[in-house]
Amino acid sequence: MDRIRLGFALTGSFCTFAKAFAAIKSLTAEGFDVYPIMSFNSYNLSTRFGSCEDNRKKLRELTGREIIASIEDAEPIGPKKMLDALVVAPCSSNTLAKLAWGVNDTPVTMAVKSHVRNIRPVIIAISTNDALAAASKNIGLLQSQKNYFFVPYSQDDHVAKPYSAVADFSKIGETVRLALKGEQIQPMIC
């Protein structure tokens with residue numbers, strides 16, 4: 001069986017990068033061929049969760065590939081049919097909004113736009129402090145779109161951050177396998 005070519009795009013929810021890296025490690029161990037993609041912010045910003053240089057180094061080490069970090073490098077994903085599926089994890093509310101409304105002004109949004117032209121699955125692993133507030137309409141829009149699949153998510157701190165939700169990154173692989181069959185993993189909201 002051919003290895004599944006999986007794009008893995010990181011956006012600016014830096015607090016979940018460690019979970020994203022763990023998911024990538026698991027996916028590569030399972031035999032997925034992972035292609036790393038980063039938004040401008042995730043590629044260029046250092047935060048209290050790690051330096052951009054360390055994040056880029058870790059991503060290259062985990063995947064054995066150079067990072068797609070420009071709009072120009074992301075655009076050929078669709079025309080060349082480079083990927084079987086594309087994961088966006090973490091997917092910030094900013095990226096959710098752009099995807100929901102067709103804005104493609106980052107390497108990640110261009111990768112998704114280019115990829116969906118081939119009617120192939122996009123798997124979203126949300127991580128946002130306003131999932132149950134301003135971002136909820138964009139989550140709803142994407143959940144109603146064909147070929148968008150969501151990694152199961154739940155509130156991460158209902159007391160201190162009642163509108164916040166984060167995907168269960170340990171379920172990315174299972175979500176991808178089902179999405180490749182056209183099925184949404186259930187339950188989607190835990």
# chains A, B, ... in the order shown; residues from 1 in each chain; ligands from 1

$ closest_atom_pairs --of "segment 32-96 of chain A" --to "segment 145-159 of chain A" --cutoff "12 Å" --atoms "only C-alpha atoms" --output "JSON lines"
{"residue": "A:Asp84", "atom": "CA", "partner": "A:Asn147", "partner_atom": "CA", "distance": 11.9}
{"residue": "A:Ala85", "atom": "CA", "partner": "A:Asn147", "partner_atom": "CA", "distance": 9.8}
{"residue": "A:Leu86", "atom": "CA", "partner": "A:Tyr148", "partner_atom": "CA", "distance": 9.8}
{"residue": "A:Val87", "atom": "CA", "partner": "A:Phe149", "partner_atom": "CA", "distance": 9.3}
{"residue": "A:Val88", "atom": "CA", "partner": "A:Phe150", "partner_atom": "CA", "distance": 9.7}
{"residue": "A:Ala89", "atom": "CA", "partner": "A:Val151", "partner_atom": "CA", "distance": 9.2}
{"residue": "A:Pro90", "atom": "CA", "partner": "A:Val151", "partner_atom": "CA", "distance": 10.4}
{"residue": "A:Cys91", "atom": "CA", "partner": "A:Phe150", "partner_atom": "CA", "distance": 10.4}
{"residue": "A:Leu96", "atom": "CA", "partner": "A:Tyr148", "partner_atom": "CA", "distance": 11.4}

$ write_last_selection --atoms "N, CA and C atoms" --output "compact mmCIF listing (two decimals), in the first residue's frame"
# COMPACT_ATOMS: atom_id res chain seq x y z
N ASP A 84 -2.76 13.69 -0.17
CA ASP A 84 -4.00 12.92 -0.09
C ASP A 84 -4.98 13.57 0.89
N ALA A 85 -4.43 14.18 1.94
CA ALA A 85 -5.23 14.86 2.95
C ALA A 85 -4.38 15.98 3.54
N LEU A 86 -5.05 16.96 4.14
CA LEU A 86 -4.36 18.10 4.73
C LEU A 86 -4.94 18.39 6.11
N VAL A 87 -4.08 18.37 7.12
CA VAL A 87 -4.46 18.68 8.50
C VAL A 87 -4.05 20.11 8.81
N VAL A 88 -4.93 20.86 9.48
CA VAL A 88 -4.57 22.17 10.01
C VAL A 88 -4.68 22.04 11.53
N ALA A 89 -3.50 21.99 12.18
CA ALA A 89 -3.46 21.73 13.62
C ALA A 89 -2.21 22.37 14.23
N PRO A 90 -2.35 23.33 15.07
CA PRO A 90 -3.60 23.92 15.52
C PRO A 90 -4.19 24.85 14.47
N CYS A 91 -5.49 24.92 14.48
CA CYS A 91 -6.20 25.86 13.61
C CYS A 91 -6.76 26.97 14.49
N LEU A 96 -9.49 29.89 10.91
CA LEU A 96 -10.87 29.42 10.72
C LEU A 96 -11.68 30.44 9.92

$ residues_around --residues "Leu45 of chain A" --least-positions-apart "3" --cutoff "12 Å" --atoms "only C-alpha atoms" --output "ChimeraX atom specification"
/A:11-14,38-42,48-56

$ atom_distance --atom1 "atom CA of Leu6 of chain A" --atom2 "atom CA of Leu141 of chain A"
23.6 Å

$ select_by_dssp --residues "segment 10-167 of chain A" --states "strand (DSSP E)" --output "PyMOL selection string"
chain A and resi 10+33-38+85-91+122-128+148-150+153-157+161-167

$ closest_residue --among "A:Thr63, A:Ser164, A:Ser170, A:Ser26" --to "Leu132 of chain A" --atoms "only C-alpha atoms"
A:Ser164

$ atom_distance --atom1 "atom CA of Ile24 of chain A" --atom2 "atom CA of Glu61 of chain A"
10.5 Å

$ atom_distance --atom1 "atom CA of Ala179 of chain A" --atom2 "atom CA of Pro121 of chain A"
6.1 Å

$ select_by_dssp --residues "chain A" --states "alpha helix (DSSP H)" --output "mmCIF file with C-alpha atoms, in the first residue's frame"
data_model
loop_
_atom_site.group_PDB
_atom_site.id
_atom_site.type_symbol
_atom_site.label_atom_id
_atom_site.label_comp_id
_atom_site.auth_asym_id
_atom_site.auth_seq_id
_atom_site.Cartn_x
_atom_site.Cartn_y
_atom_site.Cartn_z
ATOM 1 C CA PHE A 17 2.518 23.284 19.319
ATOM 2 C CA ALA A 18 3.828 20.570 21.676
ATOM 3 C CA LYS A 19 0.621 18.591 21.036
ATOM 4 C CA ALA A 20 0.968 19.160 17.286
ATOM 5 C CA PHE A 21 4.562 17.904 17.338
ATOM 6 C CA ALA A 22 3.476 14.811 19.308
ATOM 7 C CA ALA A 23 0.757 14.165 16.712
ATOM 8 C CA ILE A 24 3.260 14.481 13.857
ATOM 9 C CA LYS A 25 5.618 12.054 15.594
ATOM 10 C CA SER A 26 2.762 9.564 15.947
ATOM 11 C CA LEU A 27 1.643 10.024 12.339
ATOM 12 C CA THR A 28 5.122 9.450 10.934
ATOM 13 C CA ALA A 29 5.499 6.359 13.163
ATOM 14 C CA PHE A 40 3.655 33.367 8.481
ATOM 15 C CA ASN A 41 3.132 33.881 12.212
ATOM 16 C CA SER A 42 3.862 30.305 13.244
ATOM 17 C CA TYR A 43 7.029 30.370 11.118
ATOM 18 C CA ASN A 44 8.330 33.775 12.245
ATOM 19 C CA CYS A 52 10.488 30.126 15.997
ATOM 20 C CA GLU A 53 13.918 28.662 15.235
ATOM 21 C CA ASP A 54 13.348 25.733 17.628
ATOM 22 C CA ASN A 55 9.843 25.120 16.258
ATOM 23 C CA ARG A 56 11.086 25.069 12.667
ATOM 24 C CA LYS A 57 13.990 22.767 13.586
ATOM 25 C CA LYS A 58 11.674 20.353 15.400
ATOM 26 C CA LEU A 59 9.239 20.274 12.472
ATOM 27 C CA ARG A 60 12.032 19.536 9.982
ATOM 28 C CA GLU A 61 13.414 16.786 12.229
ATOM 29 C CA LEU A 62 10.019 15.148 12.682
ATOM 30 C CA THR A 63 9.098 15.155 8.993
ATOM 31 C CA ILE A 71 2.220 31.390 -0.552
ATOM 32 C CA GLU A 72 4.247 30.652 -3.686
ATOM 33 C CA ASP A 73 5.398 27.285 -2.329
ATOM 34 C CA ALA A 74 1.888 26.339 -1.135
ATOM 35 C CA SER A 93 -9.767 31.384 15.003
ATOM 36 C CA ASN A 94 -8.013 33.700 12.547
ATOM 37 C CA THR A 95 -7.356 30.827 10.154
ATOM 38 C CA LEU A 96 -10.870 29.424 10.721
ATOM 39 C CA ALA A 97 -12.347 32.750 9.648
ATOM 40 C CA LYS A 98 -10.150 32.960 6.572
ATOM 41 C CA LEU A 99 -11.017 29.412 5.503
ATOM 42 C CA ALA A 100 -14.737 29.946 6.135
ATOM 43 C CA PRO A 107 0.821 29.674 3.235
ATOM 44 C CA VAL A 108 -1.745 27.649 5.218
ATOM 45 C CA THR A 109 -4.850 29.201 3.679
ATOM 46 C CA MET A 110 -3.301 28.927 0.207
ATOM 47 C CA ALA A 111 -2.429 25.269 0.879
ATOM 48 C CA VAL A 112 -6.039 24.553 1.862
ATOM 49 C CA LYS A 113 -7.482 26.474 -1.094
ATOM 50 C CA SER A 114 -5.147 24.715 -3.495
ATOM 51 C CA HIS A 115 -5.796 21.282 -1.924
ATOM 52 C CA VAL A 116 -9.622 21.413 -1.875
ATOM 53 C CA SER A 136 -18.520 29.679 16.426
ATOM 54 C CA LYS A 137 -20.104 30.913 13.200
ATOM 55 C CA ASN A 138 -16.928 30.095 11.268
ATOM 56 C CA ILE A 139 -16.725 26.634 12.824
ATOM 57 C CA GLY A 140 -20.342 26.094 11.791
ATOM 58 C CA LEU A 141 -19.673 27.284 8.245
ATOM 59 C CA LEU A 142 -16.744 24.906 7.826
ATOM 60 C CA GLN A 143 -18.573 21.994 9.440
ATOM 61 C CA ILE A 172 -5.801 13.359 14.519
ATOM 62 C CA GLY A 173 -4.678 10.073 12.966
ATOM 63 C CA GLU A 174 -8.075 8.421 13.444
ATOM 64 C CA THR A 175 -9.822 11.530 12.089
ATOM 65 C CA VAL A 176 -7.597 11.489 8.992
ATOM 66 C CA ARG A 177 -8.213 7.793 8.304
ATOM 67 C CA LEU A 178 -11.988 8.295 8.487
ATOM 68 C CA ALA A 179 -11.868 11.528 6.467
#
